[in-house]
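Visitor: One file is attached below, coords_16.txt, containing compact mmCIF, C-alpha atoms.
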# COMPACT_ATOMS: atom_id res chain seq x y z
CA MET A 12 -43.19 -33.62 73.52
CA LYS A 13 -45.33 -35.91 71.38
CA THR A 14 -43.69 -38.86 69.68
CA ILE A 15 -44.85 -40.02 66.24
CA PRO A 16 -44.60 -43.79 65.91
CA PHE A 17 -42.02 -44.80 63.30
CA ILE A 18 -44.31 -47.52 61.98
CA ASN A 19 -46.89 -44.93 60.88
CA ILE A 20 -44.29 -42.95 58.86
CA HIS A 21 -43.08 -46.14 57.20
CA ARG A 22 -46.65 -47.21 56.37
CA ASN A 23 -47.48 -43.79 54.80
CA LEU A 24 -44.31 -43.75 52.63
CA THR A 25 -44.99 -47.31 51.46
CA CYS A 26 -48.48 -46.35 50.33
CA LEU A 27 -47.16 -43.29 48.46
CA TYR A 28 -44.44 -45.35 46.74
CA ARG A 29 -47.04 -47.86 45.49
CA ALA A 30 -49.37 -45.10 44.29
CA VAL A 31 -46.82 -43.27 42.09
CA GLY A 32 -44.48 -46.12 41.19
CA GLY A 33 -41.57 -44.86 43.27
CA ILE A 34 -40.26 -41.60 44.70
CA ARG A 35 -37.31 -39.52 43.45
CA TRP A 36 -36.29 -36.69 45.72
CA LYS A 37 -35.66 -33.68 43.47
CA SER A 38 -34.99 -30.00 44.06
CA SER A 39 -37.25 -27.51 42.27
CA TYR A 40 -34.19 -25.29 41.59
CA LYS A 41 -32.87 -25.33 38.00
CA GLN A 42 -29.42 -23.94 37.17
CA ALA A 43 -29.59 -21.15 34.57
CA PRO A 44 -27.47 -21.59 31.41
CA LEU A 45 -23.92 -20.33 31.84
CA LEU A 46 -21.41 -19.10 29.22
CA THR A 47 -17.73 -18.78 30.09
CA ALA A 48 -14.62 -17.54 28.25
CA ALA A 49 -11.16 -18.34 29.59
CA PRO A 50 -9.21 -16.18 29.75
CA THR A 51 -11.59 -13.24 29.40
CA ARG A 52 -8.63 -10.92 28.76
CA ALA A 53 -5.96 -12.04 26.28
CA LEU A 54 -3.68 -10.90 23.48
CA VAL A 55 -5.20 -11.14 20.02
CA ASP A 56 -2.88 -13.99 19.03
CA GLU A 57 -3.97 -16.13 22.01
CA GLN A 58 -6.76 -18.67 21.91
CA ILE A 59 -9.58 -18.54 24.41
CA SER A 60 -11.89 -21.37 25.44
CA ILE A 61 -15.64 -20.71 25.18
CA LYS A 62 -18.02 -23.10 26.91
CA GLY A 63 -21.75 -23.24 27.59
CA ARG A 64 -23.20 -25.27 30.49
CA PHE A 65 -26.54 -26.21 32.05
CA LEU A 66 -28.35 -26.53 28.74
CA ALA A 67 -31.06 -29.01 27.84
CA PRO A 68 -29.51 -32.19 26.38
CA HIS A 69 -29.10 -32.07 22.57
CA CYS A 70 -30.85 -28.71 22.29
CA PRO A 71 -29.95 -26.37 19.37
CA VAL A 72 -28.13 -23.17 20.34
CA THR A 73 -26.36 -20.31 18.60
CA VAL A 74 -23.13 -18.80 19.89
CA CYS A 75 -22.69 -15.22 18.69
CA ALA A 76 -19.85 -12.69 18.89
CA GLN A 77 -20.44 -8.97 18.39
CA MET A 78 -18.14 -5.97 18.68
CA HIS A 79 -17.92 -2.37 17.55
CA SER A 80 -14.90 -1.09 15.67
CA GLU A 81 -13.30 2.18 16.71
CA ASP A 82 -15.37 3.85 13.98
CA GLY A 83 -18.57 2.52 15.58
CA ASP A 84 -19.38 -0.15 13.01
CA LEU A 85 -20.88 -3.40 14.27
CA TRP A 86 -19.07 -6.63 13.41
CA GLU A 87 -20.51 -10.05 14.18
CA ALA A 88 -20.02 -13.78 13.74
CA PHE A 89 -22.22 -16.68 14.81
CA ALA A 90 -22.29 -20.47 14.75
CA HIS A 91 -24.90 -23.18 15.32
CA TYR A 92 -24.29 -26.03 17.75
CA TYR A 93 -26.16 -28.86 19.44
CA ALA A 94 -25.58 -29.32 23.15
CA LYS A 95 -24.12 -32.65 24.24
CA ALA A 96 -26.04 -35.15 26.37
CA ASP A 97 -24.61 -33.55 29.50
CA GLY A 98 -25.98 -30.13 28.49
CA THR A 99 -22.65 -28.58 27.45
CA VAL A 100 -21.26 -26.82 24.39
CA ASN A 101 -17.49 -26.50 24.04
CA LEU A 102 -16.08 -24.61 21.05
CA THR A 103 -12.70 -26.33 21.34
CA ARG A 104 -14.43 -29.71 21.03
CA ASP A 105 -17.70 -29.33 19.17
CA HIS A 106 -18.51 -28.78 15.51
CA SER A 107 -20.53 -25.88 14.16
CA VAL A 108 -23.29 -27.07 11.82
CA GLY A 109 -24.08 -23.63 10.37
CA GLY A 110 -23.49 -19.90 10.56
CA SER A 111 -20.24 -18.02 9.89
CA TYR A 112 -18.16 -21.20 9.78
CA LEU A 113 -18.47 -25.00 9.87
CA GLY A 114 -16.60 -27.65 11.82
CA CYS A 115 -14.50 -27.46 14.96
CA GLU A 116 -13.03 -23.95 14.99
CA PRO A 117 -12.20 -22.80 18.54
CA MET A 118 -11.54 -19.21 17.38
CA GLY A 119 -14.07 -19.04 14.55
CA LEU A 120 -16.13 -16.41 16.35
CA PHE A 121 -13.15 -14.04 16.12
CA TRP A 122 -11.66 -14.64 12.67
CA GLY A 123 -15.20 -15.03 11.32
CA LEU A 124 -16.25 -11.49 12.30
CA GLN A 125 -17.78 -9.58 9.40
CA PRO A 126 -19.73 -6.30 9.12
CA ALA A 127 -23.30 -6.75 10.35
CA PRO A 128 -26.05 -6.62 7.70
CA GLY A 129 -26.76 -3.05 6.65
CA SER A 130 -23.24 -1.79 7.45
CA ARG A 131 -21.29 0.65 5.32
CA GLU A 132 -19.71 -0.79 2.20
CA GLY A 133 -16.04 -1.74 2.05
CA LEU A 134 -15.17 -2.00 5.74
CA ARG A 135 -11.87 -3.44 6.93
CA LEU A 136 -11.20 -4.07 10.62
CA ARG A 137 -7.91 -2.48 11.73
CA LYS A 138 -6.87 -1.40 15.24
CA LYS A 139 -5.95 2.27 15.43
CA ASN A 140 -5.42 2.80 19.15
CA VAL A 141 -3.35 -0.18 20.29
CA GLU A 142 -3.44 1.01 23.90
CA THR A 143 -7.09 -0.06 24.22
CA PRO A 144 -8.47 -3.58 23.60
CA PHE A 145 -11.20 -4.74 21.29
CA VAL A 146 -14.22 -5.60 23.48
CA VAL A 147 -16.17 -8.60 22.19
CA GLN A 148 -19.59 -9.61 23.56
CA VAL A 149 -20.20 -13.36 23.24
CA SER A 150 -23.79 -14.54 23.62
CA LEU A 151 -25.56 -17.88 23.85
CA LEU A 152 -28.89 -17.81 22.01
CA GLU A 153 -31.79 -20.24 21.98
CA GLY A 154 -32.18 -22.24 18.76
CA HIS A 155 -30.37 -21.98 15.44
CA VAL A 156 -30.81 -18.33 14.47
CA SER A 157 -29.11 -15.39 12.82
CA PRO A 158 -28.28 -12.63 15.32
CA SER A 159 -29.44 -9.92 12.95
CA GLU A 160 -32.97 -11.30 13.14
CA GLY A 161 -33.13 -10.30 16.81
CA GLN A 162 -35.91 -12.75 17.64
CA SER A 163 -34.13 -15.32 19.82
CA ALA A 164 -33.87 -15.35 23.61
CA GLU A 165 -30.41 -14.73 25.04
CA LEU A 166 -29.61 -17.55 27.45
CA ALA A 167 -26.25 -16.25 28.71
CA ALA A 168 -23.44 -13.85 27.79
CA VAL A 169 -19.82 -13.04 28.59
CA THR A 170 -17.54 -10.12 27.66
CA THR A 171 -13.98 -10.68 26.41
CA GLU A 172 -11.12 -8.26 25.75
CA ARG A 173 -8.60 -8.75 22.94
CA SER A 174 -5.41 -6.69 23.26
CA TYR A 175 -2.32 -5.95 21.18
CA MET A 176 -0.23 -4.58 24.05
CA ALA A 177 0.74 -6.80 26.98
CA PRO A 178 1.07 -5.17 30.41
CA GLY A 179 4.35 -3.29 30.69
CA VAL A 180 4.88 -2.71 26.95
CA GLN A 181 5.98 0.87 26.22
CA ARG A 182 4.72 2.88 23.25
CA ILE A 183 6.98 5.79 22.21
CA ASP A 184 6.30 8.33 19.43
CA ILE A 185 9.37 8.89 17.26
CA ARG A 186 9.93 12.13 15.34
CA GLN A 187 13.71 12.14 15.03
CA ASP A 188 16.09 12.87 12.13
CA GLY A 189 13.07 13.14 9.85
CA VAL A 190 11.82 9.64 10.83
CA VAL A 191 8.10 9.26 11.53
CA ALA A 192 7.55 6.08 13.53
CA THR A 193 6.34 4.46 16.73
CA LEU A 194 8.67 2.40 18.89
CA PHE A 195 7.36 -0.41 21.08
CA LEU A 196 9.54 -1.84 23.84
CA PRO A 197 8.87 -5.01 25.85
CA PRO A 198 8.75 -4.83 29.65
CA GLY A 199 12.14 -4.76 31.37
CA PRO A 200 15.51 -3.12 30.75
CA GLY A 201 16.60 -5.18 27.74
CA PRO A 202 18.56 -5.23 25.58
CA PHE A 203 16.03 -6.82 23.21
CA PRO A 204 16.21 -8.27 19.71
CA ALA A 205 14.35 -5.96 17.36
CA VAL A 206 12.39 -5.71 14.12
CA LEU A 207 11.70 -2.83 11.73
CA ASP A 208 8.04 -3.05 10.65
CA LEU A 209 6.95 -1.86 7.17
CA TRP A 210 3.38 -1.89 5.83
CA GLY A 211 2.07 -1.25 2.34
CA MET A 212 0.77 1.56 0.14
CA GLY A 213 -2.30 1.98 2.34
CA GLY A 214 -0.12 4.51 4.11
CA GLY A 215 -0.18 6.05 7.54
CA LEU A 216 1.38 4.64 10.67
CA VAL A 217 0.13 1.11 11.36
CA GLU A 218 1.08 0.00 14.86
CA TYR A 219 -0.77 -3.17 15.82
CA ARG A 220 1.72 -5.73 14.51
CA SER A 221 4.61 -3.90 16.20
CA ALA A 222 2.69 -3.74 19.47
CA LEU A 223 2.17 -7.49 19.31
CA PHE A 224 5.86 -8.12 18.55
CA ALA A 225 6.76 -6.12 21.66
CA SER A 226 4.26 -8.20 23.62
CA ARG A 227 6.28 -11.22 22.47
CA GLY A 228 9.62 -9.79 23.62
CA TYR A 229 10.89 -7.87 20.56
CA ALA A 230 11.55 -4.16 20.30
CA SER A 231 9.65 -3.07 17.20
CA LEU A 232 9.66 0.14 15.17
CA SER A 233 6.57 0.72 13.03
CA LEU A 234 7.63 3.09 10.27
CA ALA A 235 5.50 5.49 8.21
CA TYR A 236 6.71 6.29 4.69
CA ILE A 237 3.63 7.40 2.74
CA GLY A 238 0.32 9.10 3.49
CA HIS A 239 1.18 10.59 6.88
CA GLN A 240 0.76 14.26 7.84
CA ASP A 241 4.25 14.44 9.33
CA LEU A 242 5.90 13.28 6.09
CA PRO A 243 6.68 15.48 3.09
CA GLY A 244 3.92 15.35 0.47
CA PRO A 245 2.23 14.57 -1.78
CA PRO A 246 0.30 11.94 0.22
CA ASN A 247 0.05 9.43 -2.66
CA ALA A 248 3.79 9.24 -3.39
CA VAL A 249 6.74 7.82 -1.48
CA ASN A 250 8.59 11.08 -0.97
CA VAL A 251 11.31 9.54 1.18
CA GLY A 252 14.18 7.46 -0.15
CA ASN A 253 16.77 4.88 0.81
CA SER A 254 18.45 7.29 3.22
CA TYR A 255 15.19 7.60 5.18
CA PHE A 256 14.84 3.85 5.63
CA LYS A 257 18.51 3.48 6.53
CA THR A 258 18.14 6.21 9.16
CA ALA A 259 15.14 4.40 10.64
CA PHE A 260 17.02 1.08 10.71
CA HIS A 261 20.01 2.65 12.45
CA LEU A 262 17.78 4.55 14.88
CA LEU A 263 16.34 1.21 15.99
CA GLN A 264 19.67 -0.58 15.90
CA ASN A 265 21.40 2.06 18.04
CA HIS A 266 18.71 2.30 20.70
CA HIS A 267 20.22 1.54 24.12
CA GLN A 268 17.61 -1.18 24.78
CA VAL A 269 18.21 -3.02 21.49
CA CYS A 270 20.75 -5.74 20.65
CA ASN A 271 22.42 -3.99 17.73
CA ASP A 272 23.47 -7.22 16.02
CA ARG A 273 19.97 -8.77 16.22
CA VAL A 274 17.69 -6.59 14.13
CA GLY A 275 15.32 -7.95 11.49
CA ILE A 276 12.96 -6.34 8.96
CA ILE A 277 9.38 -7.36 8.13
CA GLY A 278 7.31 -6.00 5.25
CA LEU A 279 3.85 -6.59 3.79
CA SER A 280 2.95 -5.77 0.17
CA PHE A 281 4.97 -2.72 -1.03
CA GLY A 282 6.68 -2.91 2.35
CA ALA A 283 8.14 -6.27 1.28
CA TYR A 284 9.78 -4.59 -1.72
CA LEU A 285 11.18 -1.91 0.60
CA THR A 286 12.41 -4.62 2.98
CA LEU A 287 14.41 -6.29 0.19
CA ARG A 288 15.64 -2.95 -1.11
CA LEU A 289 16.84 -1.82 2.31
CA ALA A 290 18.55 -5.14 3.07
CA ILE A 291 21.11 -4.74 0.28
CA GLN A 292 22.05 -1.13 1.12
CA ASN A 293 25.58 -0.37 2.27
CA GLY A 294 25.76 -0.09 6.04
CA VAL A 295 22.58 -2.11 6.64
CA LYS A 296 23.08 -5.63 7.92
CA PRO A 297 19.78 -7.15 9.07
CA SER A 298 19.81 -10.51 10.81
CA CYS A 299 16.76 -11.76 8.93
CA LEU A 300 13.94 -10.65 6.61
CA ILE A 301 10.24 -11.52 6.49
CA CYS A 302 8.31 -10.60 3.34
CA ILE A 303 4.55 -11.12 3.04
CA ASN A 304 2.85 -11.00 -0.36
CA GLY A 305 5.14 -8.39 -1.84
CA PRO A 306 6.98 -7.75 -5.12
CA VAL A 307 10.72 -7.70 -5.74
CA GLY A 308 10.43 -4.39 -7.55
CA SER A 309 8.09 -1.59 -8.57
CA THR A 310 6.55 -0.23 -11.74
CA THR A 311 6.21 3.21 -10.13
CA LYS A 312 8.94 5.39 -11.60
CA LEU A 313 11.66 6.62 -9.27
CA SER A 314 11.97 10.39 -9.11
CA ASP A 315 15.61 10.30 -8.01
CA ALA A 316 18.52 7.95 -7.34
CA ASP A 317 17.67 7.76 -3.63
CA GLY A 318 14.53 5.78 -4.38
CA ARG A 319 11.76 8.33 -4.05
CA THR A 320 8.81 7.62 -6.32
CA GLU A 321 6.45 9.52 -8.50
CA GLU A 322 2.71 9.43 -7.85
CA PHE A 323 1.64 5.88 -7.01
CA GLU A 324 -1.22 5.99 -9.53
CA SER A 325 1.20 6.60 -12.40
CA ASP A 326 1.16 2.82 -13.00
CA ARG A 327 -2.63 2.57 -13.34
CA ARG A 328 -2.17 1.23 -16.88
CA TYR A 329 -1.70 -2.13 -15.19
CA TRP A 330 -4.80 -1.93 -13.00
CA SER A 331 -7.57 -4.42 -13.73
CA TYR A 332 -11.22 -4.48 -12.69
CA ASP A 333 -13.81 -7.16 -11.97
CA ASP A 334 -17.47 -7.09 -13.07
CA GLN A 335 -18.42 -4.85 -10.14
CA GLY A 336 -15.70 -2.32 -10.87
CA ASN A 337 -13.44 -3.37 -7.99
CA VAL A 338 -9.76 -2.81 -8.75
CA SER A 339 -6.97 -5.39 -8.55
CA PHE A 340 -3.30 -4.40 -8.47
CA ARG A 341 -2.12 -7.93 -9.18
CA GLU A 342 -0.81 -7.24 -12.69
CA VAL A 343 1.17 -4.24 -11.45
CA SER A 344 3.59 -6.58 -9.70
CA LEU A 345 4.09 -9.26 -12.34
CA PRO A 346 7.89 -9.75 -12.56
CA ALA A 347 7.91 -9.07 -16.31
CA LYS A 348 6.47 -5.59 -15.70
CA LEU A 349 8.72 -4.57 -12.82
CA GLU A 350 11.26 -1.87 -13.63
CA ASN A 351 13.08 -1.30 -10.35
CA LYS A 352 13.94 -4.85 -9.34
CA VAL A 353 15.96 -5.48 -6.20
CA LYS A 354 19.16 -7.47 -6.76
CA VAL A 355 18.01 -10.32 -4.57
CA GLU A 356 21.23 -12.22 -5.27
CA LEU A 357 23.01 -9.73 -2.99
CA LEU A 358 21.08 -10.83 0.09
CA SER A 359 23.22 -12.27 2.85
CA CYS A 360 20.72 -13.08 5.62
CA PRO A 361 17.86 -15.57 5.99
CA LEU A 362 14.63 -14.62 4.20
CA MET A 363 11.13 -15.92 4.92
CA TYR A 364 8.73 -15.21 2.05
CA ILE A 365 5.02 -15.81 2.70
CA VAL A 366 2.53 -16.34 -0.14
CA GLY A 367 -1.26 -16.18 -0.16
CA GLU A 368 -2.18 -18.17 -3.24
CA ASP A 369 -5.49 -16.26 -3.61
CA ASP A 370 -3.74 -12.89 -3.42
CA LEU A 371 -5.62 -10.49 -5.71
CA SER A 372 -3.41 -7.47 -4.96
CA THR A 373 0.11 -8.76 -5.68
CA SER A 374 1.49 -11.47 -7.96
CA SER A 375 2.96 -13.20 -4.91
CA VAL A 376 3.39 -16.66 -6.41
CA GLU A 377 5.32 -15.30 -9.40
CA ASN A 378 7.51 -13.11 -7.19
CA ALA A 379 8.24 -16.02 -4.86
CA ASN A 380 9.30 -18.10 -7.85
CA LEU A 381 11.58 -15.31 -9.06
CA ILE A 382 13.23 -14.99 -5.64
CA GLU A 383 13.74 -18.73 -5.44
CA GLU A 384 15.28 -18.91 -8.94
CA THR A 385 17.55 -15.93 -8.29
CA LEU A 386 18.87 -17.24 -4.97
CA ARG A 387 19.40 -20.71 -6.45
CA ALA A 388 21.42 -19.26 -9.32
CA ALA A 389 23.51 -17.32 -6.78
CA GLY A 390 24.12 -20.43 -4.67
CA LYS A 391 22.05 -19.00 -1.82
CA SER A 392 19.01 -21.30 -1.75
CA HIS A 393 19.74 -22.05 1.89
CA LEU A 394 18.75 -18.51 2.82
CA LEU A 395 15.13 -18.87 1.65
CA THR A 396 12.16 -20.25 3.57
CA CYS A 397 8.97 -20.05 1.50
CA LEU A 398 5.49 -20.60 2.96
CA SER A 399 2.58 -20.88 0.53
CA TYR A 400 -1.08 -21.01 1.60
CA PRO A 401 -3.96 -22.06 -0.70
CA GLY A 402 -7.08 -19.94 -0.24
CA ALA A 403 -5.24 -17.16 1.60
CA GLY A 404 -5.38 -13.60 0.32
CA HIS A 405 -3.11 -10.57 0.41
CA LEU A 406 -3.65 -9.37 3.97
CA ILE A 407 -1.96 -12.09 6.01
CA GLU A 408 -2.00 -10.50 9.46
CA PRO A 409 -1.72 -11.68 13.08
CA PRO A 410 -3.94 -14.70 13.86
CA TYR A 411 -7.67 -14.52 14.53
CA THR A 412 -7.89 -11.22 12.63
CA PRO A 413 -10.95 -11.23 10.32
CA ASN A 414 -10.14 -11.01 6.63
CA SER A 415 -11.66 -8.50 4.21
CA ARG A 416 -11.76 -9.88 0.69
CA LEU A 417 -12.19 -6.34 -0.58
CA SER A 418 -12.34 -2.94 1.08
CA LEU A 419 -12.63 0.76 0.35
CA TRP A 420 -9.41 2.12 -1.16
CA ARG A 421 -10.44 5.74 -1.63
CA ASN A 422 -13.47 8.02 -1.90
CA LYS A 423 -12.08 10.73 -4.20
CA PRO A 424 -12.16 11.57 -7.03
CA ARG A 425 -14.51 8.58 -7.10
CA LYS A 426 -15.21 5.68 -4.79
CA LEU A 427 -12.84 2.79 -5.46
CA MET A 428 -12.87 -0.63 -3.86
CA THR A 429 -9.75 -2.79 -3.96
CA LEU A 430 -9.59 -6.59 -4.05
CA TRP A 431 -7.38 -8.35 -1.51
CA GLY A 432 -8.55 -11.95 -1.94
CA GLY A 433 -8.72 -14.75 0.57
CA HIS A 434 -11.53 -17.01 1.77
CA LEU A 435 -12.41 -16.86 5.46
CA ALA A 436 -11.51 -20.31 6.76
CA PRO A 437 -8.33 -21.02 4.74
CA HIS A 438 -7.16 -17.44 5.23
CA ALA A 439 -7.65 -17.78 8.99
CA ALA A 440 -5.71 -21.05 9.01
CA ALA A 441 -2.89 -19.37 7.05
CA GLN A 442 -2.69 -16.48 9.49
CA GLU A 443 -2.50 -18.81 12.48
CA ASP A 444 0.18 -21.02 10.94
CA ALA A 445 2.20 -18.15 9.46
CA TRP A 446 2.29 -16.23 12.75
CA LYS A 447 3.62 -19.23 14.62
CA LYS A 448 6.29 -19.75 11.97
CA ILE A 449 7.19 -16.05 11.90
CA LEU A 450 7.79 -16.13 15.65
CA ASP A 451 9.80 -19.35 15.33
CA PHE A 452 11.86 -17.79 12.51
CA MET A 453 12.53 -14.70 14.60
CA GLU A 454 13.42 -16.84 17.59
CA SER A 455 16.00 -18.74 15.53
CA ASN A 456 17.54 -15.70 13.86
CA LEU A 457 17.18 -12.91 16.41
CA ARG A 458 17.55 -14.62 19.78
CA GLN A 459 19.89 -17.57 19.32
Show the structure stored in the file as structure tokens.
Guide:
Amino acid sequence: MKTIPFINIHRNLTCLYRAVGGIRWKSSYKQAPLLTAAPTRALVDEQISIKGRFLAPHCPVTVCAQMHSEDGDLWEAFAHYYAKADGTVNLTRDHSVGGSYLGCEPMGLFWGLQPAPGSREGLRLRKKNVETPFVVQVSLLEGHVSPSEGQSAELAAVTTERSYMAPGVQRIDIRQDGVVATLFLPPGPGPFPAVLDLWGMGGGLVEYRSALFASRGYASLSLAYIGHQDLPGPPNAVNVGNSYFKTAFHLLQNHHQVCNDRVGIIGLSFGAYLTLRLAIQNGVKPSCLICINGPVGSTTKLSDADGRTEEFESDRRYWSYDDQGNVSFREVSLPAKLENKVKVELLSCPLMYIVGEDDLSTSSVENANLIEETLRAAGKSHLLTCLSYPGAGHLIEPPYTPNSRLSLWRNKPRKLMTLWGGHLAPHAAAQEDAWKKILDFMESNLRQ
């Protein structure tokens, strides 16, 4: 074995150090950019943390979210960031400087989703099959770009899933005593507090809010009352009356997994009117009510004493249109024009009324004022909790749901777009705050 004198190694290193001004031992391996989302699977009302790592210091990047609706339409949102000195981007910490939103918005990529350029007109994102998640692809792109341009290199990507049903939640179709509904039950034997869930004149059977309530520990019955094939026609009239809604309430109340003295009602738009109307019926004693952007009455004429209505479009004399021909139903619900007003003074349980101040579909501010005045005159002001949100529109839904300022209402006999209102960022903030307060309200009145 040949020994190399140590002095020769030392002399050679010294010469090299002097020649290049010093030596820094460095690996040739460079870590590729990494994008993470935690958790990758979550309920739609839960925040997730999106982070990029191993980027060049201070480099410009774009973070993009893309997903397909159940109808196959592409929705996307994107935001521009600069990496920090340590080569990281953190959406819970950093500020977007351009794109779909500005500022520090940890969930902006989700509530900022909008139809991709070139999409069909009048789209609104709504979950139809609540038993499957929305799948969202989040990408990290080089530079400040628009995803639709398709010219930027993708540095990293991660897939996330956004669900309405937590593991163990049961979904049960209800066709009983004429009631058309879907019941959602939380995991476990119960009994559970419960809520009857009423949507608006869009019709059909809308399940995603009920599924989310069940994921939060409440039995929830999503009820159809217009525009469903299993209901008596015509499809554009409410051909069921007070007895139908009472039957649905009692069906939920009497379920063996429900606490029968802890049942609330929630309604959006025309569903808010039905919520108030049902709450004062004999034999119905809800524990609390939640009304979102709805009127205290209706201009649609009742066809009988039970509360069935004539054709919804019979009140079109109050419809108004903008310069593009989009329809607003706001004037339909002005208190001065309402014929079938609910006697709000008869309410005996807590009521939360939620207002979007940019609501273009219902005169929510005026109806909130009327409710407040009526309850005050009846000595029942203590029952009312009113939440009012500047910049929010009609469709105040679970948090991180993208808002549609207008959407397609119908195709026949002619295409008609309806205005909902709401601006993206303030509407998103309203949805996040309102959802938290709805759950707190339900906790106080249905659990304690």
Visitor: Which residue gives the smallest distance to A:Cys115 among A:Arg186, A:His69, A:His91, A:Arg328, with only C-alpha atoms counted?
Guide: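 Between A:Arg186, A:His69, A:His91, A:Arg328, the residue approaching A:Cys115 most closely is A:His91.
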Visitor: Using Å and a single decimal, report how far atom CA of A:Lys62 sits from atom CA of A:Arg104.
Guide: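 So the two atoms, atom CA of A:Arg104 and atom CA of A:Lys62, lie 9.5 Å apart.
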Visitor: In terms of the shortest atom-to-atom distance over only C-alpha atoms, which of A:Arg227, A:Lys296, A:Arg135, A:Lys447 is closest to A:Pro178?
Guide: A:Arg227
Visitor: Of the residues A:Pro144, A:Pro246, A:Gly390, A:Gly133, which is the one nearest to A:Gly215, using only C-alpha atoms?
Guide: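 Comparing A:Pro144, A:Pro246, A:Gly390, A:Gly133 against A:Gly215, the winner is A:Pro246.
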Visitor: Name the residues in contact with A:Leu345 at a cut-off of 10 Å, using all atoms listed in the file, excluding same-chain residues fewer than 4 positions from it; report them as a VMD selection string.
Guide: chain A and resid 306 to 310 329 340 to 341 349 373 to 378
Visitor: Find the residues around A:Gln162 up to 12 Å (only C-alpha atoms counted), leave out those fewer than 6 positions away in its own chain, and share them as an NGL selection string.
Guide: :A and (152-156)
Visitor: Got time to write the residues from that selection, C-alpha atoms, as a PDB file, in the coordinates of the input?
Guide:
ATOM      1  CA  LEU A 152     -28.890 -17.810  22.010  1.00  0.00           C
ATOM      2  CA  GLU A 153     -31.790 -20.240  21.980  1.00  0.00           C
ATOM      3  CA  GLY A 154     -32.180 -22.240  18.760  1.00  0.00           C
ATOM      4  CA  HIS A 155     -30.370 -21.980  15.440  1.00  0.00           C
ATOM      5  CA  VAL A 156     -30.810 -18.330  14.470  1.00  0.00           C
TER       6      VAL A 156
END
Visitor: Atom CA of A:Leu381 and atom CA of A:Leu457 are how many Å apart?
Guide: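 Between atom CA of A:Leu381 and atom CA of A:Leu457 the gap is 26.2 Å.
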Visitor: Select, from A:Trp420, A:Trp86, A:Tyr92, A:Tyr284, the residue with the minimum atom-to-atom distance to A:Trp122, counting only C-alpha atoms.
Guide: A:Trp86
Visitor: Which residue gives the smallest distance to A:Phe256 among A:Gly83, A:Gly189, A:Pro200, A:Pro50, with all atoms listed in the file counted?
Guide: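 Among the listed residues, A:Gly189 lies closest to A:Phe256.
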Visitor: At a cut-off of 12 Å, using all atoms listed in the file, what residues contact A:Asn414? Leave out same-chain residues fewer than 6 positions from it and give the result as a ChimeraX atom specification.
Guide: /A:119,121-126,133-137,402-408,430-442
Visitor: Do you know which residues lie at most 12 Å from (18.8, 0.2, 23.6), with coordinates as in the file and all atoms listed in the file counted, and could you write them as a list in words?
Guide: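 The distance filter leaves exactly Leu194, Phe195, Leu196, Pro197, Gly199, Pro200, Gly201, Pro202, Phe203, Pro204, Ala205, Tyr229, Ala230, Ser231, His261, Leu262, Leu263, Gln264, Asn265, His266, His267, Gln268, Val269, Cys270, Asn271, Asp272, Arg273 and Val274 of chain A.
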Visitor: For stretch 145-163 of chain A, take all atoms listed in the file, fit an axis-aligned box around them, add 6 Å to each of the six sides, then output centre and edge lengths in Å rounded to one decimal, as JSON.
Guide:
{"center_x": -23.6, "center_y": -13.5, "center_z": 18.3, "size_x": 36.7, "size_y": 29.5, "size_z": 23.0}
Visitor: For A:Ile237, which residue among A:Met453, A:Cys302, A:Arg319, A:Lys257 is the nearest when counting only C-alpha atoms?
Guide: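 Of A:Met453, A:Cys302, A:Arg319, A:Lys257, the one nearest A:Ile237, counting only C-alpha atoms, is A:Arg319.
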Visitor: Between atom CA of A:Val249 and atom CA of A:Val366, what is the distance in Å, rounded to a tenth?
Guide: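 Straight-line distance from atom CA of A:Val249 to atom CA of A:Val366 works out to 24.6 Å.
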Visitor: Pull the neighbourhood of (4.6, -11.5, 16.4) for me: all residues within 9 Å in file coordinates, counting all atoms listed in the file, as a list in words.
Guide: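 Looking at atoms near the point gives Asp56, Arg220, Ser221, Ala222, Leu223, Phe224, Ala225, Ser226, Arg227, Gly228, Tyr229, Pro409, Trp446, Lys447, Ile449, Leu450 and Met453 of chain A.
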Visitor: Identify, on the basis of all atoms listed in the file, every residue whose closest approach to stretch 105-109 of chain A does not exceed 12 Å; exclude the query and any residue fewer than 2 positions from it along the same chain; express the result as a VMD selection string.
Guide: chain A and resid 60 to 63 71 to 75 88 to 95 99 to 103 111 to 120 154 to 157
Visitor: List as an MDAnalysis selection string the protein and nucleic acid residues near A:Lys138, meaning an atom at most 9 Å away when all atoms listed in the file are counted, but skip any in the same chain fewer than 4 places from it.
Guide: chainID A and resid 80:81 144:145 175 217:219
Visitor: Please save C-alpha atoms of the selected residues as a PDB file, keeping the file's coordinate frame.
Guide:
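After the write, result.pdb holds the following:
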ATOM      1  CA  SER A  80     -14.900  -1.090  15.670  1.00  0.00           C
ATOM      2  CA  GLU A  81     -13.300   2.180  16.710  1.00  0.00           C
ATOM      3  CA  PRO A 144      -8.470  -3.580  23.600  1.00  0.00           C
ATOM      4  CA  PHE A 145     -11.200  -4.740  21.290  1.00  0.00           C
ATOM      5  CA  TYR A 175      -2.320  -5.950  21.180  1.00  0.00           C
ATOM      6  CA  VAL A 217       0.130   1.110  11.360  1.00  0.00           C
ATOM      7  CA  GLU A 218       1.080   0.000  14.860  1.00  0.00           C
ATOM      8  CA  TYR A 219      -0.770  -3.170  15.820  1.00  0.00           C
TER       9      TYR A 219
END
